[in-house]
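Shown next, in structure tokens, is the structure this report addresses.
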Amino acid sequence: MLIYLLKRLIYAIPIALAVSAVCFSLVYLAPGDPLSAIVPSDASTELIEQLKKEYGLDKPVPVQYVIWIGRALVGDLGTSIATGRPVSSEIGNAISNTFILAVFASLIGFVLGCVFGTIAGYFNGSWIDKAVSAIAVAGVSVPHYWLGMVLVILFAVIWGVLPAMGAGPGGSGEWAWDAEHMKHLVLPAVTLSVIPTGIITRTVRALVADILSKEFVTALIAKGLSQGAVFMHVVKNAAPTALAVMGVQLGYLLGGSILVETVFSWPGTGFLLNTAIFQRDIPLLQGTILVLALFFVGLNLLVDMIQTGLDPRIKRA
Amino acid sequence: MSAATLPTPAVDAVVVHKTRGYWRGVFARLLRDKVAMLCLLVLAAIVLMAIFAPWIAPADPIKGSVLKRLLPVGSPGFPLGSDELGRDMLSRLIYGARLSLVMGITPVINALVIGSFLGIVAGFVGGRVNTVIMRTVDVFYAFPSVLLAVAISGALGAGITNALLALTIVFIPPIARVAESVTTQVRSLDFVEAARASGAGAFTIIRVHILGNVLGPIFVYATSLVSVSMILASGLSFLGLGTKPPDPEWGLMLNTLRTAIYTQPLVAALPGVMIFAVSISFNLMSDGLRSAMDVQR
């Protein structure tokens, strides 16, 4: 098993490097010169040459990449063109907000998904199963940014019980663990949770139905084990896969929260990406996407490793 | 994928010898599937609405009167109300089907062609070619789909072509993976070996044996991707990265109506209902198709 874990770890390194290369190349996708966002159009050629040197743009592309990745490894992602502050500190603030949102959303999704999925698996084929499956399909098919708007309309505009925007009172960008901030978290987290709820429901339903149809379960019931004890066996068999799915979902939510963050003006990485895109702030765009993508790669790696540890059947050498 | 997640491809053991009777059976089972048929009806209605928009729409989707802005649903002359620039919502929703469907479906079709080609070549040739193609695909698969779409279209800048390109790149990796895995399975089967032994060339084998077995599962998988693609494409427009005003597109309409939720919440929510309807119909139809083809078992 140790060898498998090591292999998996080593395999992740080229993927991470390739992912960073894709992030780096984003600057060459952007129309116009990378400098056009900061240089006035009537700048002298000397000034442009000097700036090119300053930003290292006079060197060949592979060299630029190596310099960029080398700096990124020590936490230097350049300077934001829009704010003039280091990209890493901009991301540091934003990512903790996105993290809180994504963690809560995946927790909600995991709990609801397990409950719905288990019920549907136990009543395989009945109307309850069909109703739960309908919820699951709706969860993965709903445009979640629209669902966010609908929730705002219901809970903020019509009933006025929950705030519609920001992470805290007065549109503050800083998160704190108090009731007021928690209130601001409810709607965005619920909105973001519909996708993992749908996916985990489907996974758990299939797992539970499959486990219950296995012969060892029949044997357990035959030897007179109580319902609760049989259920524990089901949980033990379903848990590794369900947890793995949740881990991957957390990664998707971290990278995919931009739409929900836009709806709720949540001060996270989605907000940062929005700024980066519309102010043509390429260092900020590259940096944010690099960090989120590497999080995703790392999380997938972690999930794989934990799953290997949890599930004794996996003995990949 | 959801929306944020791509559906997991069902690729295990799909290889069955498919005769004409098999497809007739699939069709018959699909006809009996009430849910799938209802979804097909909904989609057909929306497609017809898109094609015949100029004849169905009661008003101009671009021109409006500022005096008649944000009218509620059921106003005289504005059956579904009017938007923030006084344009008829019903007409905009009808015309919106055109761009929204094109933006949702085109990336999947593009990815279907490119992804299957890459996957079949990788699976059939194997060896170093497989490694190069599949490892490259893995890199793009290592991005969360929403992030990759936003990154590419964000760097390229707003616009329909850029959004379509970004989404195509998002959908190539999952399709290539399905195609590669099925091709690899089929390639090692006896009947392929027999065909090769009896002198069939690579192209004949691919055309007759590989494509016949690979296209079915990929097609089913692609129909479920359309659901994700609709949500992502409208999502890009919602962020301001896809279509530009005043073009009627459901995601963009949701964006421009965001400020109207305090005055006309029902009108503001309407475009999302359309996206939801198309997306869930594709998802359920894909489920129906999958069980009719028995791909899972």
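Just so we're on the same page: first chain in the structure tokens is A, next is B, and so on; residues restart at 1 for each chain, and ligands are numbered from 1 in the order they show up.
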Might you pull out every residue within 12 Å of Ile67 (chain A), with only C-alpha atoms counted and same-chain residues fewer than 6 positions away left off, and present them as a ChimeraX atom specification? /A:21,24,55-57,59-61,73-74,76-78
Starting from chain B, keep only residues with some atom at most 6 Å from an atom of chain A, counting only C-alpha atoms, and report them as a list in words. Ser2, Ala4, Val139, Phe143, Pro144, Val146, Leu147, Gly154, Ala155, Leu156, Ile231, Gly272, Phe276, Ser279 and Ile280 of chain B
Among listed residues B:Arg135, B:Lys63, B:Arg128, B:Arg69, nearest Tyr11 (chain A) (using only C-alpha atoms): B:Arg135
Can I get the residues of region 67-172 of chain B within 9 Å of region 48-52 of chain B, each with the closest pair of atoms and their distance in Å to one decimal, using only C-alpha atoms, sorted chain first then ascending number, as JSON lines?
```
{"residue": "B:Ile94", "atom": "CA", "partner": "B:Met49", "partner_atom": "CA", "distance": 6.2}
{"residue": "B:Tyr95", "atom": "CA", "partner": "B:Ala50", "partner_atom": "CA", "distance": 6.2}
{"residue": "B:Gly96", "atom": "CA", "partner": "B:Ala50", "partner_atom": "CA", "distance": 7.6}
{"residue": "B:Ala97", "atom": "CA", "partner": "B:Ala50", "partner_atom": "CA", "distance": 5.1}
{"residue": "B:Arg98", "atom": "CA", "partner": "B:Ala50", "partner_atom": "CA", "distance": 4.9}
{"residue": "B:Leu99", "atom": "CA", "partner": "B:Ala50", "partner_atom": "CA", "distance": 8.6}
{"residue": "B:Leu101", "atom": "CA", "partner": "B:Ala50", "partner_atom": "CA", "distance": 8.3}
```
Tell me which protein, DNA and RNA residues are within 8 Å of region 206-214 of chain A, counting only C-alpha atoms, leaving out same-chain ones fewer than 4 positions away, and put them as a PDB file with N, CA and C atoms, in the first residue's frame.
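Written out: result.pdb:
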```pdb
ATOM      1  N   GLY A 117     -30.079   9.372   0.162  1.00  0.00           N
ATOM      2  CA  GLY A 117     -29.572   8.213  -0.558  1.00  0.00           C
ATOM      3  C   GLY A 117     -29.843   6.914   0.179  1.00  0.00           C
ATOM      4  N   THR A 118     -29.639   6.920   1.512  1.00  0.00           N
ATOM      5  CA  THR A 118     -29.868   5.714   2.295  1.00  0.00           C
ATOM      6  C   THR A 118     -31.341   5.331   2.270  1.00  0.00           C
ATOM      7  N   GLY A 121     -32.148   3.948  -1.072  1.00  0.00           N
ATOM      8  CA  GLY A 121     -31.537   2.640  -1.256  1.00  0.00           C
ATOM      9  C   GLY A 121     -32.315   1.559  -0.523  1.00  0.00           C
ATOM     10  N   TYR A 122     -32.801   1.898   0.690  1.00  0.00           N
ATOM     11  CA  TYR A 122     -33.563   0.924   1.472  1.00  0.00           C
ATOM     12  C   TYR A 122     -34.915   0.635   0.842  1.00  0.00           C
ATOM     13  N   ASN A 124     -35.644   0.697  -2.339  1.00  0.00           N
ATOM     14  CA  ASN A 124     -35.318   0.578  -3.752  1.00  0.00           C
ATOM     15  C   ASN A 124     -36.545   0.211  -4.589  1.00  0.00           C
ATOM     16  N   ARG A 202     -27.325  10.342  -5.333  1.00  0.00           N
ATOM     17  CA  ARG A 202     -27.261   9.312  -6.367  1.00  0.00           C
ATOM     18  C   ARG A 202     -26.241   8.234  -6.012  1.00  0.00           C
ATOM     19  N   THR A 218     -27.846 -10.822   3.388  1.00  0.00           N
ATOM     20  CA  THR A 218     -28.848 -11.858   3.611  1.00  0.00           C
ATOM     21  C   THR A 218     -28.386 -12.781   4.735  1.00  0.00           C
ATOM     22  N   VAL A 234     -23.831  -1.781   6.458  1.00  0.00           N
ATOM     23  CA  VAL A 234     -24.059  -1.022   5.228  1.00  0.00           C
ATOM     24  C   VAL A 234     -23.212   0.255   5.262  1.00  0.00           C
ATOM     25  N   ASN A 237     -19.563  -0.287   4.622  1.00  0.00           N
ATOM     26  CA  ASN A 237     -19.245  -0.581   3.225  1.00  0.00           C
ATOM     27  C   ASN A 237     -19.420   0.614   2.302  1.00  0.00           C
ATOM     28  N   ALA A 238     -20.352   1.484   2.681  1.00  0.00           N
ATOM     29  CA  ALA A 238     -20.649   2.609   1.786  1.00  0.00           C
ATOM     30  C   ALA A 238     -19.759   3.813   2.080  1.00  0.00           C
TER      31      ALA A 238
END
```
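Taking CA of Leu254 (chain B) as the reference point, CA of Arg87 (chain B) is found at 14.0 Å.
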Who sits within 10 Å of Ser237 (chain B), only C-alpha atoms, same chain under 3 positions skipped, as a count of residues only: 23
Mind the document's chain letters and residue numbers, and return as a ChimeraX atom specification the residues of region 71-314 of chain A that DSSP labels alpha helix (DSSP H). /A:71-73,87-122,127-141,144-151,179-212,215-222,227-256,258-264,269-278,282-310
Skip region 29-36 of chain B itself and residues of its chain fewer than 2 positions away, then list as JSON, numbers by chain all residues within 7 Å of it, counting only C-alpha atoms. {"B": [25, 26, 27, 38, 39, 40, 284, 285, 288, 289, 292]}
Interatomic distance (Å, one decimal) between CA of Thr203 (chain A) and CA of Pro240 (chain A): 11.5 Å
How far is it from CA of Gly113 (chain A) to CA of Pro173 (chain B), in Å with one decimal?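 One can read the CA of Gly113 (chain A) to CA of Pro173 (chain B) distance as 27.2 Å.
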Write out as a CSV table (one decimal) with C-alpha atoms, in the first residue's frame each polymer residue whose atoms come within 10 Å of Ser193 (chain A), counting only C-alpha atoms; drop sequence neighbours fewer than 4 positions from it.
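Okay, this is what ended up in result.csv:
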```
chain,number,residue,atom,x,y,z
A,101,LEU,CA,-18.6,28.6,1.9
A,102,ALA,CA,-17.4,25.4,0.2
A,103,VAL,CA,-16.9,23.4,3.4
A,104,PHE,CA,-20.4,24.3,4.7
A,105,ALA,CA,-22.0,23.6,1.3
A,106,SER,CA,-20.3,20.2,1.0
A,107,LEU,CA,-21.3,19.3,4.6
A,108,ILE,CA,-24.9,20.2,3.9
A,109,GLY,CA,-24.7,18.2,0.7
A,110,PHE,CA,-23.1,15.2,2.4
A,112,LEU,CA,-28.6,15.5,3.0
A,113,GLY,CA,-27.2,13.2,0.3
A,139,GLY,CA,-30.2,19.0,-7.8
A,144,HIS,CA,-27.6,27.1,-9.1
A,187,LEU,CA,-28.3,31.2,1.6
A,188,PRO,CA,-25.0,31.0,-0.3
A,189,ALA,CA,-24.1,27.7,1.4
A,197,THR,CA,-26.6,16.9,-2.5
A,198,GLY,CA,-27.8,15.6,-5.9
A,249,GLN,CA,-17.1,17.6,-4.5
A,250,LEU,CA,-15.4,20.0,-2.1
A,253,LEU,CA,-17.1,23.7,-5.0
```
